[in-house]
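Take a look at the structure below.
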Amino acid sequence: MAEKILIIDDDSETLRLIGLMLQRQGYQTVTASNGDEGVALAKHELPDLVILDIMMPDVDGFMVAKHLRAEPGISEIPILMFTAKSQVDDKVAGFEAGADDYLTKPVHPVELVAHVKALLSRRVTYQSEKPQQKKQGYTIGVIGAKGGLGTSTTALNLGIALSEKGNLDVVCAEILPGRGIWGLELGLAVTNGLDNILQSKPGDITNELIEQNLLKTLFGIRLLLSTSLFSSTPILENIKKLNLLIDGLNRLSKITILDFGVPSEEFLTEVIEKCDQIILVTESHPISIERTRSILEKLSDFGFGKHKLIHVIAFNRVRADIQLTQTQIQEKIGVLPLLAIPSAPELAYRAAIHFQPIIKAQTDSLMSQQFYRMAEQILVNIKQ
């Protein structure tokens, strides 16, 4: 596996050029444009080497090096300071802060690569002892083929069913800022947990911060909620923070269910690899089925349907005589739906006016029983 190098520099051109140079040598690269982001990525990515600029706003390279040396698990990662500061005092300060090597800009690419190889070759002890972040939980992403199909309903009720059937700690999380619905459905006053986390600095996204923003419920699961209207948190600009959040949820719960709604392709490609399994929600309608087929093709690029599980469930919202059958859906998308969820408008209304999840409003309803069946199948897959 290619060795991973984290480059921390506030100059985008430097990040691009060094990254390209190292990638041509066969290294994997990760980049950060400021000190806080660099420290957070070091904790998350566990790189084999850090290339660090000194002159950065807010948190300079000296402070970053000190932070890295003070963090358990990453304190032994080699640090190469690569900077325009060439005075002897600067070099001394760099080594005192924890740098293993010091290079001044500009430098010939061959010399930079030689220093990188030398540092990597001297880290044998660190490589053998480097702690690995073990994935403790199981992550399920729930995606809608289009809006209004019941994606959020599926994520919430499936989470409750998994908690009950498996007697497991389950967290259900709304992932898209400004599109939260569970807080309204359940009559909850505080719904800005997701925004609180994404508005924090990357280095502050700790287990403790995530725990503070999870809401305990009377029906067994914990919730991470998003505001329902006009969030000021731009999601694509906070992808790295979102990935840190998902990793944290994985450490804090046995099962994490992520409500992706109907995400953009750009967003999905940035986070989809965090999921162990995908639930794709569709309906027995030709247009929705065609979109489902396209989404399945895209998800296959990330291993879903191959070495990762994906299940399709279909909500039936129209008369039985004009619905596509399970077999007809399979012929069109190449996947047999795991199950069909019946329409239950009266049950949904009763659940809404009592601020309850459907599965709690009437446990023995056909819709609730289908969520329990889905949970049982997923628990079998997890145990395998």
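Just remember, in the structure tokens the first chain shown is A, the second B, etc., residues are 1-based per chain, and ligands are 1-based in the order shown.
All residues in range 72-216 of chain A with a DSSP state of strand (DSSP E), computed from the backbone, read A:Ile79, A:Leu80, A:Met81, A:Phe82, A:Thr83, A:Asp101, A:Tyr102, A:Leu103, A:Thr104, A:Tyr138, A:Thr139, A:Ile140, A:Gly141, A:Val142, A:Ile143, A:Gly144, A:Val170, A:Val171, A:Cys172, A:Ala173, A:Glu174, A:Leu215, A:Lys216.
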Which parts of range 288-380 of chain A does DSSP call helix (DSSP H, G or I) when run on the backbone here, written out as a VMD selection string? chain A and resid 288 to 300 320 to 322 326 to 333 345 to 353 358 to 361 366 to 380
Could you check how far CA of Gln28 in chain A sits from CA of Ser75 in chain A, in Å to one decimal? 20.3 Å
For Gly303 in chain A, list every protein, DNA or RNA residue within 12 Å, evaluated using only C-alpha atoms, and leave out those in the same chain fewer than 4 positions away; present the list as a PyMOL selection string. chain A and resi 272-278+296-299+307-310
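Among the candidate residues A:Glu211, A:Glu185, A:Asp60, A:Asp48, the one lying nearest to Ala97 in chain A is A:Asp60, with distances computed using only C-alpha atoms.
Between Val170 in chain A and the candidates A:Ala65, A:Leu258, A:Ala99, A:Val110, the tightest atom-to-atom separation, counting only C-alpha atoms, involves A:Leu258.
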Residue neighbourhood range 226-228 of chain A, 9 Å, only C-alpha atoms, exclusion window fewer than 3 positions, as an mmCIF file with N, CA and C atoms, in the first residue's frame:
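Final file, around-v7.cif:
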```cif
data_model
loop_
_atom_site.group_PDB
_atom_site.id
_atom_site.type_symbol
_atom_site.label_atom_id
_atom_site.label_comp_id
_atom_site.auth_asym_id
_atom_site.auth_seq_id
_atom_site.Cartn_x
_atom_site.Cartn_y
_atom_site.Cartn_z
ATOM 1 N N ALA A 173 -28.649 9.922 12.143
ATOM 2 C CA ALA A 173 -28.126 11.269 11.916
ATOM 3 C C ALA A 173 -28.650 11.866 10.622
ATOM 4 N N GLU A 174 -29.167 13.083 10.711
ATOM 5 C CA GLU A 174 -29.499 13.865 9.526
ATOM 6 C C GLU A 174 -28.218 14.552 9.072
ATOM 7 N N ILE A 175 -27.857 14.366 7.830
ATOM 8 C CA ILE A 175 -26.535 14.759 7.354
ATOM 9 C C ILE A 175 -26.536 16.054 6.547
ATOM 10 N N LEU A 176 -27.647 16.442 5.977
ATOM 11 C CA LEU A 176 -27.676 17.630 5.122
ATOM 12 C C LEU A 176 -28.230 18.829 5.884
ATOM 13 N N PRO A 177 -27.435 19.879 6.119
ATOM 14 C CA PRO A 177 -27.910 21.074 6.850
ATOM 15 C C PRO A 177 -29.107 21.711 6.148
ATOM 16 N N GLY A 178 -30.075 22.147 6.961
ATOM 17 C CA GLY A 178 -31.239 22.832 6.415
ATOM 18 C C GLY A 178 -32.318 21.919 5.881
ATOM 19 N N ARG A 179 -32.124 20.590 5.989
ATOM 20 C CA ARG A 179 -33.116 19.668 5.450
ATOM 21 C C ARG A 179 -33.629 18.701 6.517
ATOM 22 N N GLY A 180 -33.489 19.082 7.777
ATOM 23 C CA GLY A 180 -33.931 18.208 8.850
ATOM 24 C C GLY A 180 -35.447 18.117 8.930
ATOM 25 N N ILE A 181 -35.947 16.956 9.308
ATOM 26 C CA ILE A 181 -37.391 16.753 9.426
ATOM 27 C C ILE A 181 -37.759 16.069 10.741
ATOM 28 N N TRP A 182 -36.830 15.284 11.308
ATOM 29 C CA TRP A 182 -37.166 14.506 12.500
ATOM 30 C C TRP A 182 -37.531 15.398 13.684
ATOM 31 N N GLY A 183 -36.841 16.510 13.841
ATOM 32 C CA GLY A 183 -37.150 17.400 14.954
ATOM 33 C C GLY A 183 -38.582 17.889 14.905
ATOM 34 N N LEU A 184 -39.059 18.233 13.704
ATOM 35 C CA LEU A 184 -40.448 18.664 13.541
ATOM 36 C C LEU A 184 -41.410 17.511 13.802
ATOM 37 N N VAL A 190 -34.674 21.424 20.171
ATOM 38 C CA VAL A 190 -33.289 21.673 19.764
ATOM 39 C C VAL A 190 -32.959 20.802 18.564
ATOM 40 N N THR A 191 -32.711 21.430 17.424
ATOM 41 C CA THR A 191 -32.489 20.669 16.188
ATOM 42 C C THR A 191 -31.237 21.106 15.431
ATOM 43 N N ASN A 192 -30.310 21.765 16.104
ATOM 44 C CA ASN A 192 -29.146 22.321 15.392
ATOM 45 C C ASN A 192 -27.850 21.587 15.703
ATOM 46 N N GLY A 193 -27.934 20.315 16.103
ATOM 47 C CA GLY A 193 -26.719 19.570 16.451
ATOM 48 C C GLY A 193 -25.737 19.459 15.306
ATOM 49 N N LEU A 194 -26.231 19.131 14.108
ATOM 50 C CA LEU A 194 -25.351 19.001 12.949
ATOM 51 C C LEU A 194 -24.658 20.321 12.650
ATOM 52 N N ASP A 195 -25.410 21.406 12.668
ATOM 53 C CA ASP A 195 -24.828 22.721 12.374
ATOM 54 C C ASP A 195 -23.779 23.111 13.408
ATOM 55 N N SER A 231 -30.317 26.769 6.505
ATOM 56 C CA SER A 231 -29.048 26.632 7.207
ATOM 57 C C SER A 231 -27.983 27.475 6.519
#
```
Excluding range 328-343 of chain A and its own-chain neighbours fewer than 2 positions away, which residues fall within 8 Å of it when counting only C-alpha atoms? Please give them as an MDAnalysis selection string. chainID A and resid 284 289:290 292:293 296 311:317 324:326 345 366:367 370 374
